[in-house]
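Heads up, coords-v9.txt below (compact mmCIF, C-alpha atoms):
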# COMPACT_ATOMS: atom_id res chain seq x y z
CA MET A 1 -121.15 -91.41 -22.36
CA THR A 2 -119.32 -92.68 -19.27
CA GLY A 3 -119.80 -89.58 -17.11
CA SER A 4 -121.83 -86.41 -17.14
CA ASN A 5 -118.97 -84.42 -18.63
CA ARG A 6 -117.26 -87.12 -20.68
CA TYR A 7 -118.70 -88.13 -24.03
CA ASP A 8 -117.87 -90.83 -26.57
CA VAL A 9 -118.93 -90.00 -30.13
CA THR A 10 -119.80 -93.67 -30.77
CA ALA A 11 -122.17 -93.77 -27.78
CA TRP A 12 -124.06 -90.52 -28.40
CA PRO A 13 -127.68 -91.04 -29.52
CA VAL A 14 -127.76 -88.23 -32.10
CA GLY A 15 -126.30 -88.85 -35.55
CA ASP A 16 -123.99 -91.48 -36.99
CA PRO A 17 -120.31 -90.69 -36.25
CA ALA A 18 -119.09 -92.86 -39.11
CA GLU A 19 -121.13 -90.84 -41.62
CA ASP A 20 -120.89 -87.36 -40.05
CA VAL A 21 -118.99 -87.00 -36.80
CA GLY A 22 -119.41 -83.22 -37.14
CA GLU A 23 -123.16 -83.52 -36.54
CA VAL A 24 -122.47 -85.71 -33.51
CA ILE A 25 -119.92 -83.37 -31.93
CA ASN A 26 -122.13 -80.30 -32.50
CA SER A 27 -124.98 -82.11 -30.77
CA ILE A 28 -122.70 -82.94 -27.84
CA ILE A 29 -121.57 -79.30 -27.55
CA ALA A 30 -125.23 -78.23 -27.53
CA ASP A 31 -125.84 -80.67 -24.66
CA ILE A 32 -122.87 -79.29 -22.71
CA LYS A 33 -124.15 -75.73 -23.14
CA GLY A 34 -127.64 -76.77 -22.10
CA ARG A 35 -126.48 -78.51 -18.93
CA GLN A 36 -123.81 -75.96 -18.02
CA ALA A 37 -125.88 -72.80 -18.28
CA VAL A 38 -125.09 -71.19 -14.90
CA THR A 39 -121.94 -69.07 -14.75
CA ASP A 40 -121.46 -69.27 -10.97
CA GLU A 41 -122.66 -72.33 -9.11
CA ASN A 42 -120.75 -73.44 -6.00
CA GLU A 43 -117.84 -71.28 -7.14
CA GLY A 44 -117.83 -73.11 -10.46
CA GLY A 45 -120.60 -73.59 -12.94
CA LYS A 46 -119.07 -74.38 -16.34
CA PRO A 47 -116.35 -77.02 -16.04
CA GLY A 48 -116.52 -77.96 -19.71
CA ALA A 49 -116.17 -81.51 -20.97
CA VAL A 50 -114.14 -84.15 -22.82
CA ILE A 51 -115.27 -85.57 -26.15
CA TYR A 52 -113.59 -88.88 -27.01
CA ILE A 53 -112.98 -90.15 -30.55
CA PRO A 54 -111.96 -93.83 -30.46
CA PRO A 55 -109.69 -95.41 -33.09
CA GLY A 56 -111.51 -95.62 -36.39
CA ASP A 57 -112.54 -93.60 -39.42
CA PHE A 58 -115.09 -90.83 -38.88
CA ARG A 59 -116.25 -88.80 -41.85
CA LEU A 60 -116.90 -85.10 -41.16
CA ARG A 61 -119.47 -83.53 -43.48
CA THR A 62 -120.64 -80.80 -41.07
CA GLN A 63 -118.22 -78.23 -39.66
CA VAL A 64 -117.77 -78.46 -35.88
CA VAL A 65 -118.40 -75.05 -34.30
CA ILE A 66 -116.88 -74.53 -30.85
CA ASP A 67 -117.97 -71.56 -28.72
CA ILE A 68 -117.36 -72.87 -25.19
CA SER A 69 -114.26 -72.90 -23.03
CA PHE A 70 -112.72 -75.87 -21.24
CA LEU A 71 -113.47 -78.35 -24.01
CA ARG A 72 -111.06 -81.16 -24.79
CA ILE A 73 -111.46 -83.30 -27.91
CA GLU A 74 -109.20 -86.33 -27.71
CA GLY A 75 -108.48 -89.58 -29.48
CA SER A 76 -106.25 -92.63 -29.13
CA GLY A 77 -103.68 -92.17 -31.88
CA HIS A 78 -102.51 -89.39 -34.22
CA GLY A 79 -102.59 -91.86 -37.12
CA PHE A 80 -100.19 -90.04 -39.44
CA THR A 81 -98.83 -91.86 -42.45
CA SER A 82 -97.55 -90.39 -45.69
CA SER A 83 -100.39 -89.89 -48.14
CA SER A 84 -97.94 -88.22 -50.50
CA ILE A 85 -95.87 -91.38 -50.82
CA ARG A 86 -98.99 -93.48 -51.34
CA PHE A 87 -100.47 -91.25 -54.04
CA ASN A 88 -97.16 -91.16 -55.92
CA VAL A 89 -96.98 -94.96 -56.03
CA PRO A 90 -98.49 -96.38 -59.25
CA GLU A 91 -102.05 -97.53 -58.65
CA ASP A 92 -101.28 -101.06 -59.77
CA GLU A 93 -98.96 -101.33 -56.74
CA TRP A 94 -101.59 -100.22 -54.20
CA PRO A 95 -102.90 -103.75 -53.52
CA ASP A 96 -99.45 -104.70 -52.19
CA LEU A 97 -99.25 -101.79 -49.71
CA HIS A 98 -99.78 -102.61 -46.03
CA GLU A 99 -102.20 -99.69 -45.65
CA LEU A 100 -103.58 -96.98 -47.91
CA TRP A 101 -104.84 -94.32 -45.52
CA PRO A 102 -103.83 -92.64 -42.25
CA GLY A 103 -105.18 -94.39 -39.17
CA GLY A 104 -105.64 -93.92 -35.43
CA SER A 105 -108.61 -91.82 -34.37
CA ARG A 106 -109.15 -90.30 -37.80
CA ILE A 107 -111.37 -87.45 -38.95
CA LEU A 108 -112.00 -87.50 -42.72
CA VAL A 109 -112.69 -83.90 -43.76
CA ASP A 110 -115.41 -84.14 -46.39
CA ILE A 111 -117.13 -80.75 -46.15
CA PRO A 112 -118.77 -79.74 -49.46
CA LEU A 113 -116.96 -76.61 -50.70
CA SER A 114 -116.84 -74.30 -53.66
CA GLU A 115 -114.01 -72.06 -54.82
CA GLU A 116 -116.01 -68.99 -53.76
CA ASP A 117 -116.19 -70.08 -50.09
CA GLU A 118 -114.05 -68.11 -47.64
CA GLU A 119 -111.20 -69.99 -46.01
CA SER A 120 -112.93 -70.56 -42.67
CA LYS A 121 -115.78 -72.50 -44.34
CA GLY A 122 -113.37 -75.33 -45.13
CA ALA A 123 -112.32 -75.86 -41.51
CA ALA A 124 -113.16 -79.13 -39.82
CA PHE A 125 -113.13 -77.37 -36.44
CA TYR A 126 -114.10 -73.69 -36.30
CA ILE A 127 -113.62 -71.89 -32.97
CA GLU A 128 -115.23 -68.50 -32.48
CA ARG A 129 -116.66 -66.59 -29.55
CA SER A 130 -116.77 -62.85 -29.01
CA GLY A 131 -117.27 -61.00 -25.74
CA SER A 132 -115.52 -61.34 -22.41
CA PRO A 133 -113.70 -63.30 -21.27
CA ARG A 134 -111.91 -64.71 -24.29
CA ILE A 135 -112.61 -68.33 -25.09
CA SER A 136 -110.06 -70.37 -23.12
CA SER A 137 -108.57 -73.80 -22.65
CA VAL A 138 -109.83 -75.56 -25.74
CA GLU A 139 -107.67 -78.63 -26.36
CA PHE A 140 -107.16 -81.04 -29.26
CA SER A 141 -105.18 -84.16 -28.53
CA ASN A 142 -104.14 -87.42 -30.10
CA PHE A 143 -106.23 -87.81 -33.24
CA CYS A 144 -105.76 -87.33 -36.97
CA ILE A 145 -107.36 -84.74 -39.25
CA ASP A 146 -107.08 -85.91 -42.85
CA GLY A 147 -107.99 -83.75 -45.87
CA LEU A 148 -108.09 -86.90 -48.03
CA HIS A 149 -107.11 -85.46 -51.42
CA PHE A 150 -105.62 -82.40 -53.08
CA ASN A 151 -107.16 -80.95 -56.20
CA PRO A 152 -105.91 -79.96 -59.66
CA ASP A 153 -104.58 -76.39 -59.71
CA GLY A 154 -104.37 -75.78 -63.44
CA SER A 155 -100.74 -76.85 -63.66
CA GLU A 156 -99.33 -80.05 -65.12
CA MET A 157 -98.52 -81.34 -61.63
CA HIS A 158 -100.22 -84.49 -60.39
CA PRO A 159 -103.31 -83.40 -58.38
CA ALA A 160 -102.03 -85.29 -55.32
CA ASN A 161 -99.02 -82.92 -55.19
CA THR A 162 -100.67 -79.49 -55.52
CA TYR A 163 -101.37 -78.89 -51.80
CA VAL A 164 -104.66 -77.23 -52.79
CA ASN A 165 -108.13 -78.30 -51.56
CA CYS A 166 -109.57 -75.35 -49.53
CA LYS A 167 -109.60 -77.51 -46.37
CA THR A 168 -108.34 -76.49 -42.92
CA GLY A 169 -107.92 -78.69 -39.88
CA ILE A 170 -108.46 -76.23 -37.01
CA TYR A 171 -109.39 -72.55 -37.49
CA VAL A 172 -109.54 -70.19 -34.50
CA ALA A 173 -111.20 -66.95 -35.57
CA ASN A 174 -110.68 -64.55 -32.67
CA ALA A 175 -108.93 -63.85 -29.38
CA ASN A 176 -108.22 -66.94 -27.32
CA ASP A 177 -106.26 -67.94 -24.23
CA SER A 178 -104.36 -71.06 -23.22
CA PHE A 179 -105.32 -73.31 -26.12
CA ARG A 180 -103.43 -76.60 -26.45
CA ILE A 181 -102.83 -78.70 -29.57
CA THR A 182 -100.83 -81.80 -28.59
CA GLY A 183 -100.08 -85.18 -30.10
CA MET A 184 -102.16 -84.48 -33.21
CA GLY A 185 -101.69 -85.65 -36.79
CA PHE A 186 -102.52 -83.35 -39.72
CA VAL A 187 -102.24 -84.50 -43.34
CA TYR A 188 -103.41 -83.36 -46.80
CA LEU A 189 -104.96 -80.09 -45.68
CA GLU A 190 -104.33 -76.80 -47.46
CA HIS A 191 -104.05 -75.21 -43.99
CA ALA A 192 -103.47 -77.47 -41.02
CA LEU A 193 -103.71 -75.04 -38.12
CA THR A 194 -104.76 -71.38 -38.40
CA ILE A 195 -105.07 -69.35 -35.19
CA TYR A 196 -105.81 -65.65 -34.81
CA HIS A 197 -104.96 -63.58 -31.72
CA ALA A 198 -103.40 -66.32 -29.60
CA ASP A 199 -102.32 -65.81 -26.00
CA ALA A 200 -100.39 -68.53 -24.17
CA LEU A 201 -100.98 -71.06 -26.94
CA SER A 202 -99.13 -74.39 -26.83
CA VAL A 203 -98.58 -76.33 -30.07
CA HIS A 204 -96.54 -79.28 -28.87
CA ASP A 205 -95.51 -82.74 -30.05
CA ASN A 206 -97.67 -82.87 -33.19
CA PHE A 207 -97.04 -84.44 -36.60
CA VAL A 208 -98.03 -81.78 -39.14
CA ALA A 209 -96.88 -82.61 -42.65
CA GLU A 210 -97.96 -82.86 -46.29
CA CYS A 211 -100.15 -79.81 -45.76
CA GLY A 212 -100.07 -76.62 -47.83
CA SER A 213 -99.21 -74.59 -44.72
CA CYS A 214 -98.76 -76.14 -41.31
CA ILE A 215 -98.86 -73.74 -38.34
CA GLU A 216 -100.08 -70.18 -38.93
CA LEU A 217 -100.39 -67.63 -36.11
CA ARG A 218 -102.21 -64.68 -37.62
CA GLY A 219 -103.36 -61.26 -36.51
CA TRP A 220 -101.35 -60.75 -33.34
CA GLY A 221 -100.55 -62.60 -30.13
CA GLN A 222 -98.20 -63.16 -27.24
CA ALA A 223 -96.43 -65.65 -25.00
CA SER A 224 -97.10 -68.73 -27.11
CA LYS A 225 -94.92 -71.70 -27.96
CA ILE A 226 -94.39 -74.08 -30.86
CA THR A 227 -92.25 -76.90 -29.52
CA ASP A 228 -91.16 -80.47 -30.28
CA ASN A 229 -93.21 -80.83 -33.45
CA LEU A 230 -92.49 -82.72 -36.66
CA ILE A 231 -93.48 -80.32 -39.44
CA GLY A 232 -93.34 -80.14 -43.23
CA ALA A 233 -95.35 -77.82 -45.47
CA GLY A 234 -95.79 -77.77 -49.22
CA PHE A 235 -93.85 -75.57 -51.61
CA LYS A 236 -96.65 -72.97 -51.72
CA GLY A 237 -96.86 -72.41 -47.97
CA HIS A 238 -95.07 -71.98 -44.66
CA SER A 239 -94.15 -74.64 -42.13
CA ILE A 240 -94.31 -72.10 -39.28
CA TYR A 241 -95.70 -68.60 -39.86
CA ALA A 242 -96.35 -65.91 -37.26
CA GLU A 243 -97.25 -62.24 -37.54
CA ASN A 244 -97.25 -59.47 -34.94
CA HIS A 245 -96.38 -61.77 -32.08
CA GLY A 246 -94.34 -61.03 -28.98
CA GLY A 247 -92.73 -63.56 -26.68
CA LEU A 248 -93.11 -66.46 -29.11
CA LEU A 249 -90.99 -69.54 -28.43
CA ILE A 250 -90.12 -71.77 -31.41
CA THR A 251 -87.92 -74.55 -30.06
CA ALA A 252 -86.87 -78.15 -30.71
CA ASN A 253 -88.92 -78.62 -33.87
CA ASN A 254 -87.80 -80.92 -36.67
CA ILE A 255 -88.87 -79.10 -39.83
CA PHE A 256 -88.86 -81.09 -43.03
CA PRO A 257 -88.15 -79.72 -46.50
CA ARG A 258 -90.45 -78.56 -49.29
CA GLY A 259 -92.16 -75.70 -47.47
CA ALA A 260 -91.58 -72.30 -49.07
CA SER A 261 -90.09 -71.38 -45.68
CA SER A 262 -89.28 -73.21 -42.47
CA VAL A 263 -89.98 -70.27 -40.17
CA TYR A 264 -91.45 -66.98 -41.41
CA LEU A 265 -91.85 -64.17 -38.88
CA LYS A 266 -93.57 -60.93 -39.84
CA GLY A 267 -93.51 -58.08 -37.35
CA VAL A 268 -92.50 -60.48 -34.56
CA THR A 269 -90.58 -59.08 -31.58
CA ARG A 270 -88.75 -60.32 -28.48
CA SER A 271 -89.15 -63.95 -29.48
CA SER A 272 -86.87 -66.98 -29.82
CA VAL A 273 -86.09 -69.44 -32.60
CA THR A 274 -83.74 -71.88 -30.91
CA ASN A 275 -82.51 -75.46 -31.10
CA ASN A 276 -84.50 -76.40 -34.19
CA ARG A 277 -83.42 -78.70 -36.99
CA LEU A 278 -84.37 -76.99 -40.23
CA HIS A 279 -84.15 -78.61 -43.66
CA SER A 280 -85.09 -76.99 -46.95
CA PHE A 281 -84.66 -77.37 -50.69
CA TYR A 282 -84.74 -73.60 -51.27
CA PRO A 283 -83.32 -70.31 -49.95
CA GLY A 284 -85.43 -68.26 -47.53
CA MET A 285 -85.48 -70.95 -44.85
CA VAL A 286 -85.92 -68.50 -41.95
CA VAL A 287 -87.24 -65.02 -42.67
CA LEU A 288 -87.60 -62.13 -40.23
CA GLU A 289 -89.42 -59.31 -42.00
CA ALA A 290 -91.50 -56.19 -41.38
CA ASN A 291 -89.18 -54.86 -38.68
CA SER A 292 -89.02 -58.07 -36.67
CA SER A 293 -86.78 -56.94 -33.82
CA GLU A 294 -85.07 -58.05 -30.60
CA ASN A 295 -85.39 -61.70 -31.50
CA LEU A 296 -82.95 -64.51 -30.70
CA VAL A 297 -82.05 -66.98 -33.47
CA ALA A 298 -79.61 -69.40 -31.86
CA SER A 299 -78.29 -72.96 -31.91
CA ASN A 300 -80.31 -74.03 -34.92
CA HIS A 301 -79.13 -76.48 -37.57
CA PHE A 302 -79.87 -75.27 -41.11
CA LEU A 303 -79.55 -77.72 -44.00
CA ARG A 304 -80.20 -76.58 -47.53
CA ASP A 305 -79.80 -79.22 -50.24
CA HIS A 306 -81.61 -80.41 -53.37
CA GLU A 307 -84.95 -82.09 -53.89
CA PRO A 308 -84.13 -85.79 -54.42
CA TRP A 309 -87.65 -87.14 -55.11
CA THR A 310 -88.64 -87.42 -58.76
CA PRO A 311 -92.27 -86.11 -58.53
CA PHE A 312 -91.09 -82.73 -57.23
CA LEU A 313 -88.01 -82.13 -59.36
CA GLY A 314 -87.96 -78.60 -60.76
CA VAL A 315 -90.26 -77.21 -58.05
CA ASP A 316 -89.02 -74.28 -55.98
CA ASN A 317 -90.26 -71.29 -53.96
CA GLY A 318 -89.27 -68.64 -56.50
CA LEU A 319 -86.28 -67.27 -54.54
CA ASP A 320 -82.74 -67.16 -55.89
CA ASP A 321 -79.52 -67.96 -54.03
CA LEU A 322 -78.77 -64.32 -53.24
CA TYR A 323 -81.79 -64.15 -50.93
CA GLY A 324 -80.05 -65.94 -48.06
CA LEU A 325 -80.91 -68.99 -46.00
CA LEU A 326 -81.60 -66.62 -43.09
CA CYS A 327 -82.92 -63.20 -44.12
CA VAL A 328 -83.39 -60.45 -41.52
CA SER A 329 -85.24 -57.15 -41.85
CA GLY A 330 -85.35 -55.66 -38.37
CA SER A 331 -83.25 -54.32 -35.53
CA GLN A 332 -81.40 -55.55 -32.47
CA ASN A 333 -81.77 -59.25 -33.35
CA SER A 334 -79.19 -61.78 -32.16
CA VAL A 335 -78.06 -64.54 -34.52
CA ILE A 336 -75.73 -66.70 -32.47
CA GLY A 337 -74.17 -70.15 -32.69
CA ASN A 338 -76.11 -71.55 -35.64
CA HIS A 339 -74.79 -74.26 -37.97
CA PHE A 340 -75.45 -73.84 -41.70
CA SER A 341 -74.93 -76.62 -44.24
CA GLU A 342 -75.27 -75.48 -47.86
CA VAL A 343 -74.91 -78.68 -49.90
CA ILE A 344 -75.91 -77.90 -53.47
CA ASP A 345 -74.87 -78.38 -57.07
CA SER A 346 -73.03 -75.27 -58.24
CA GLN A 347 -74.53 -75.78 -61.69
CA SER A 348 -78.00 -75.11 -60.24
CA ILE A 349 -77.17 -71.77 -58.58
CA ARG A 350 -79.44 -68.89 -59.58
CA PRO A 351 -78.55 -66.39 -60.93
CA THR A 352 -75.94 -68.34 -62.87
CA GLY A 353 -72.48 -67.65 -61.53
CA ALA A 354 -73.71 -65.96 -58.34
CA THR A 355 -72.21 -66.61 -54.91
CA PRO A 356 -74.93 -68.01 -52.62
CA VAL A 357 -75.70 -66.02 -49.46
CA ILE A 358 -76.15 -67.70 -46.08
CA ILE A 359 -77.11 -64.86 -43.69
CA ARG A 360 -78.47 -61.62 -45.14
CA LEU A 361 -79.33 -58.45 -43.24
CA THR A 362 -81.54 -56.36 -45.50
CA ALA A 363 -82.77 -53.52 -43.26
CA GLY A 364 -82.72 -52.27 -39.69
CA SER A 365 -79.85 -51.67 -37.30
CA GLY A 366 -77.97 -53.02 -34.31
CA ASN A 367 -78.17 -56.71 -35.18
CA TYR A 368 -75.62 -59.03 -33.55
CA VAL A 369 -74.33 -61.95 -35.62
CA ALA A 370 -71.74 -64.10 -33.86
CA SER A 371 -70.08 -67.53 -33.85
CA ASN A 372 -72.06 -69.03 -36.72
CA HIS A 373 -70.50 -71.91 -38.63
CA VAL A 374 -71.01 -72.43 -42.37
CA VAL A 375 -70.27 -75.65 -44.28
CA ALA A 376 -70.65 -75.22 -48.04
CA MET A 377 -70.14 -78.08 -50.47
CA ASP A 378 -70.53 -78.48 -54.21
CA VAL A 379 -72.25 -81.81 -54.97
CA ARG A 380 -73.81 -83.42 -58.01
CA ALA A 381 -77.51 -83.69 -57.25
CA LYS A 382 -79.12 -87.14 -57.42
CA SER A 383 -82.77 -88.13 -57.49
CA GLY A 384 -84.87 -91.25 -57.07
CA ASP A 385 -88.42 -92.59 -57.16
CA SER A 386 -88.48 -93.58 -53.48
CA ALA A 387 -89.13 -90.59 -51.21
CA PHE A 388 -87.70 -92.35 -48.16
CA SER A 389 -84.53 -93.90 -49.54
CA ALA A 390 -83.70 -90.96 -51.81
CA GLN A 391 -83.96 -88.54 -48.89
CA VAL A 392 -81.98 -90.71 -46.49
CA ASP A 393 -79.23 -91.25 -49.06
CA ALA A 394 -79.00 -87.48 -49.56
CA LEU A 395 -78.86 -86.80 -45.82
CA LEU A 396 -76.13 -89.35 -45.14
CA THR A 397 -73.85 -88.35 -47.99
CA THR A 398 -70.95 -86.27 -46.62
CA GLU A 399 -68.09 -87.18 -48.95
CA ALA A 400 -68.67 -84.30 -51.38
CA GLY A 401 -65.44 -83.49 -53.14
CA ASP A 402 -65.34 -79.74 -53.59
CA GLY A 403 -65.95 -76.75 -51.40
CA LEU A 404 -68.47 -74.17 -52.54
CA ALA A 405 -67.75 -70.46 -52.39
CA VAL A 406 -70.45 -68.65 -50.39
CA THR A 407 -71.10 -65.28 -48.84
CA ALA A 408 -71.49 -66.19 -45.18
CA VAL A 409 -72.91 -62.79 -44.22
CA MET A 410 -74.17 -60.02 -46.50
CA VAL A 411 -75.19 -56.70 -44.98
CA ASN A 412 -77.21 -54.44 -47.26
CA THR A 413 -76.59 -50.69 -47.15
CA GLU A 414 -80.07 -50.26 -45.61
CA SER A 415 -78.90 -52.21 -42.55
CA VAL A 416 -76.42 -50.33 -40.35
CA ARG A 417 -74.59 -50.40 -37.01
CA ASN A 418 -74.55 -54.19 -36.90
CA THR A 419 -71.90 -56.33 -35.21
CA ILE A 420 -70.61 -59.35 -37.15
CA LEU A 421 -68.18 -61.59 -35.24
CA ASP A 422 -66.59 -64.92 -36.16
CA SER A 423 -69.24 -65.83 -38.71
CA GLY A 424 -67.12 -65.85 -41.86
CA SER A 425 -63.69 -65.04 -43.18
CA ASP A 426 -62.84 -61.61 -44.50
CA ALA A 427 -63.57 -62.86 -48.02
CA GLN A 428 -66.90 -64.37 -47.00
CA VAL A 429 -68.48 -61.29 -45.41
CA VAL A 430 -69.82 -58.40 -47.48
CA LEU A 431 -70.54 -55.19 -45.57
CA ASP A 432 -69.61 -51.54 -45.20
CA LYS A 433 -66.99 -51.52 -42.44
CA ALA A 434 -67.63 -47.82 -41.84
CA ASP A 435 -71.23 -48.57 -40.79
CA ASN A 436 -70.78 -51.95 -39.08
CA ALA A 437 -68.43 -53.66 -36.62
CA PHE A 438 -66.70 -56.72 -38.03
CA ARG A 439 -64.31 -59.41 -36.82
CA ALA A 440 -63.44 -62.13 -39.31
CA THR A 441 -63.15 -65.80 -38.54
CA PRO A 442 -59.40 -66.53 -38.74
CA ALA A 443 -58.36 -68.51 -41.77
CA ILE A 444 -56.68 -71.87 -41.16
CA GLY A 445 -52.94 -71.38 -40.76
CA SER A 446 -53.12 -67.64 -40.25
CA LYS A 447 -51.75 -65.90 -37.18
CA SER A 448 -54.39 -64.28 -35.04
CA ALA A 449 -53.69 -60.81 -33.72
As structure tokens, the full file:
Amino acid sequence: MTGSNRYDVTAWPVGDPAEDVGEVINSIIADIKGRQAVTDENEGGKPGAVIYIPPGDFRLRTQVVIDISFLRIEGSGHGFTSSSIRFNVPEDEWPDLHELWPGGSRILVDIPLSEEDEESKGAAFYIERSGSPRISSVEFSNFCIDGLHFNPDGSEMHPANTYVNCKTGIYVANANDSFRITGMGFVYLEHALTIYHADALSVHDNFVAECGSCIELRGWGQASKITDNLIGAGFKGHSIYAENHGGLLITANNIFPRGASSVYLKGVTRSSVTNNRLHSFYPGMVVLEANSSENLVASNHFLRDHEPWTPFLGVDNGLDDLYGLLCVSGSQNSVIGNHFSEVIDSQSIRPTGATPVIIRLTAGSGNYVASNHVVAMDVRAKSGDSAFSAQVDALLTTEAGDGLAVTAVMVNTESVRNTILDSGSDAQVVLDKADNAFRATPAIGSKSA
């Protein structure tokens, strides 16, 4: 400990941080609460503290319980490296790998769990405090939370690829204000970050990947942001999920494939999904459901192509190609200036012979869809044993020979009074022109009115 309100887990006299850093951090929090017991002292009283985790491996066998505001837990490196690639390399090749595990300031989540335990019991960090005011300004910065292994799920899939282990990185159980998660690494957790009732939350510049679900905002909340993150969930979960939120900003994220969805909004209003790069192997990339209304979806790059990595061939999220890459159930949403690349093998389309849908309005009214650009190509899918090279080869291949017929916009009969402008040719847009306004994108060589 280098100051009264700054602690180093390796210098604290209680517990062994290498064997159970959870015991150490809980002891430090108890010390902070004991020393900062007065609510108003010299117009202050409870400034909180910083807990430092230096570079190294620290096993966590005891859940950390946080019930104080103004606490910052920080390290010196997010330490992310792909455990998925490592575990899919034959074991006889492991001795030749430069490293086997994530690094930096690394928490190894090793809480004993049973299948009957509720989700919160598997959290490395559990934040909960009732009463007034809400718990505020808890920060996590610049260290790695590693779930170590996934477990068999009863399928024939390799256990390292199931995304199941009942472990969570950070779980916030009730109303909170101005939390910050920055510069963190999350890997091999069934749930990386689960937060209920967030207000003014900032999830910024993290590496959250190879987790069952990555960022989940549950319950309800307002005025939060998810920005500049590198994110990639597993096929059973969501990369970004939010429910009953208002004023949510999702911007400048690079979202990797394999998540069942890139962005899934349920009952979300007056929020923005802008300037993200979204990549998926399945339909249902961005979903607005449960009357998600008055949202802006703009200037995003959508890429849907095929899984190129051998261990995950044949895996999908259960949706067919009629679902849409962007599916909207709600009113008065604006879908403006997005780029969609649908680069798939026509022989893989489901149902067989169907025309894939890019944007689909399923319910609601008054949505505005304008100036979206769709590139659709029919390619022969390739695969490989190297996750990195197979994916890069797929991303850089643009010389596909044939165009692919798609429905750029489909408007269901349950969705009415929408405006669709310059987002597909007359043949590419399916809607009832008596119930919706429509202006087609001019075909090449045609005379505009």
So what do you get for CA of Ala242 in chain A versus CA of Ile170 in chain A, distance-wise?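 That distance, rounded to one decimal, is 15.9 Å.
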So, counting only C-alpha atoms, which residue among A:Arg417, A:His191, A:His197, A:His238 is closest to Glu119 in chain A? A:His191
Would you mind listing what lies within 9 Å of Ile107 in chain A as an NGL selection string, with only C-alpha atoms counted and same-chain residues fewer than 2 positions away left out? :A and (21 or 53 or 56-60 or 105 or 109 or 124 or 143-147)
Could you name the residues that touch range 210-227 of chain A at 6 Å or less, counting all atoms listed in the file, but leaving out those on the same chain fewer than 6 positions away, as a PDB file with C-alpha atoms, in the frame of the given file?
ATOM      1  CA  TYR A 163    -101.370 -78.890 -51.800  1.00  0.00           C
ATOM      2  CA  VAL A 187    -102.240 -84.500 -43.340  1.00  0.00           C
ATOM      3  CA  TYR A 188    -103.410 -83.360 -46.800  1.00  0.00           C
ATOM      4  CA  LEU A 189    -104.960 -80.090 -45.680  1.00  0.00           C
ATOM      5  CA  GLU A 190    -104.330 -76.800 -47.460  1.00  0.00           C
ATOM      6  CA  HIS A 191    -104.050 -75.210 -43.990  1.00  0.00           C
ATOM      7  CA  ALA A 192    -103.470 -77.470 -41.020  1.00  0.00           C
ATOM      8  CA  LEU A 193    -103.710 -75.040 -38.120  1.00  0.00           C
ATOM      9  CA  THR A 194    -104.760 -71.380 -38.400  1.00  0.00           C
ATOM     10  CA  ILE A 195    -105.070 -69.350 -35.190  1.00  0.00           C
ATOM     11  CA  TYR A 196    -105.810 -65.650 -34.810  1.00  0.00           C
ATOM     12  CA  HIS A 197    -104.960 -63.580 -31.720  1.00  0.00           C
ATOM     13  CA  ALA A 198    -103.400 -66.320 -29.600  1.00  0.00           C
ATOM     14  CA  ASP A 199    -102.320 -65.810 -26.000  1.00  0.00           C
ATOM     15  CA  ALA A 200    -100.390 -68.530 -24.170  1.00  0.00           C
ATOM     16  CA  LEU A 201    -100.980 -71.060 -26.940  1.00  0.00           C
ATOM     17  CA  SER A 202     -99.130 -74.390 -26.830  1.00  0.00           C
ATOM     18  CA  VAL A 203     -98.580 -76.330 -30.070  1.00  0.00           C
ATOM     19  CA  HIS A 204     -96.540 -79.280 -28.870  1.00  0.00           C
ATOM     20  CA  ALA A 233     -95.350 -77.820 -45.470  1.00  0.00           C
ATOM     21  CA  GLY A 234     -95.790 -77.770 -49.220  1.00  0.00           C
ATOM     22  CA  GLY A 237     -96.860 -72.410 -47.970  1.00  0.00           C
ATOM     23  CA  HIS A 238     -95.070 -71.980 -44.660  1.00  0.00           C
ATOM     24  CA  SER A 239     -94.150 -74.640 -42.130  1.00  0.00           C
ATOM     25  CA  ILE A 240     -94.310 -72.100 -39.280  1.00  0.00           C
ATOM     26  CA  TYR A 241     -95.700 -68.600 -39.860  1.00  0.00           C
ATOM     27  CA  ALA A 242     -96.350 -65.910 -37.260  1.00  0.00           C
ATOM     28  CA  GLU A 243     -97.250 -62.240 -37.540  1.00  0.00           C
ATOM     29  CA  ASN A 244     -97.250 -59.470 -34.940  1.00  0.00           C
ATOM     30  CA  HIS A 245     -96.380 -61.770 -32.080  1.00  0.00           C
ATOM     31  CA  GLY A 246     -94.340 -61.030 -28.980  1.00  0.00           C
ATOM     32  CA  GLY A 247     -92.730 -63.560 -26.680  1.00  0.00           C
ATOM     33  CA  LEU A 248     -93.110 -66.460 -29.110  1.00  0.00           C
ATOM     34  CA  LEU A 249     -90.990 -69.540 -28.430  1.00  0.00           C
ATOM     35  CA  ILE A 250     -90.120 -71.770 -31.410  1.00  0.00           C
ATOM     36  CA  THR A 251     -87.920 -74.550 -30.060  1.00  0.00           C
ATOM     37  CA  ALA A 252     -86.870 -78.150 -30.710  1.00  0.00           C
ATOM     38  CA  ASN A 253     -88.920 -78.620 -33.870  1.00  0.00           C
TER      39      ASN A 253
END
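A cut-off of 9 Å from the point (-84.6, -51.6, -39.4), with all atoms listed in the file, picks out the residues Ala290, Asn291, Ser292, Ser293, Ser329, Gly330, Ser331, Gln332, Thr362, Ala363, Gly364, Ser365, Gly366, Glu414, Ser415 and Val416 of chain A.
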What are the centre and edge lengths in Å, to one decimal, of the axis-aligned box around all listed atoms of range 122-137 of chain A with 6 Å added on each side, as AutoDock Vina command-line options?
--center_x -112.9 --center_y -70.1 --center_z -33.2 --size_x 20.7 --size_y 30.1 --size_z 35.9
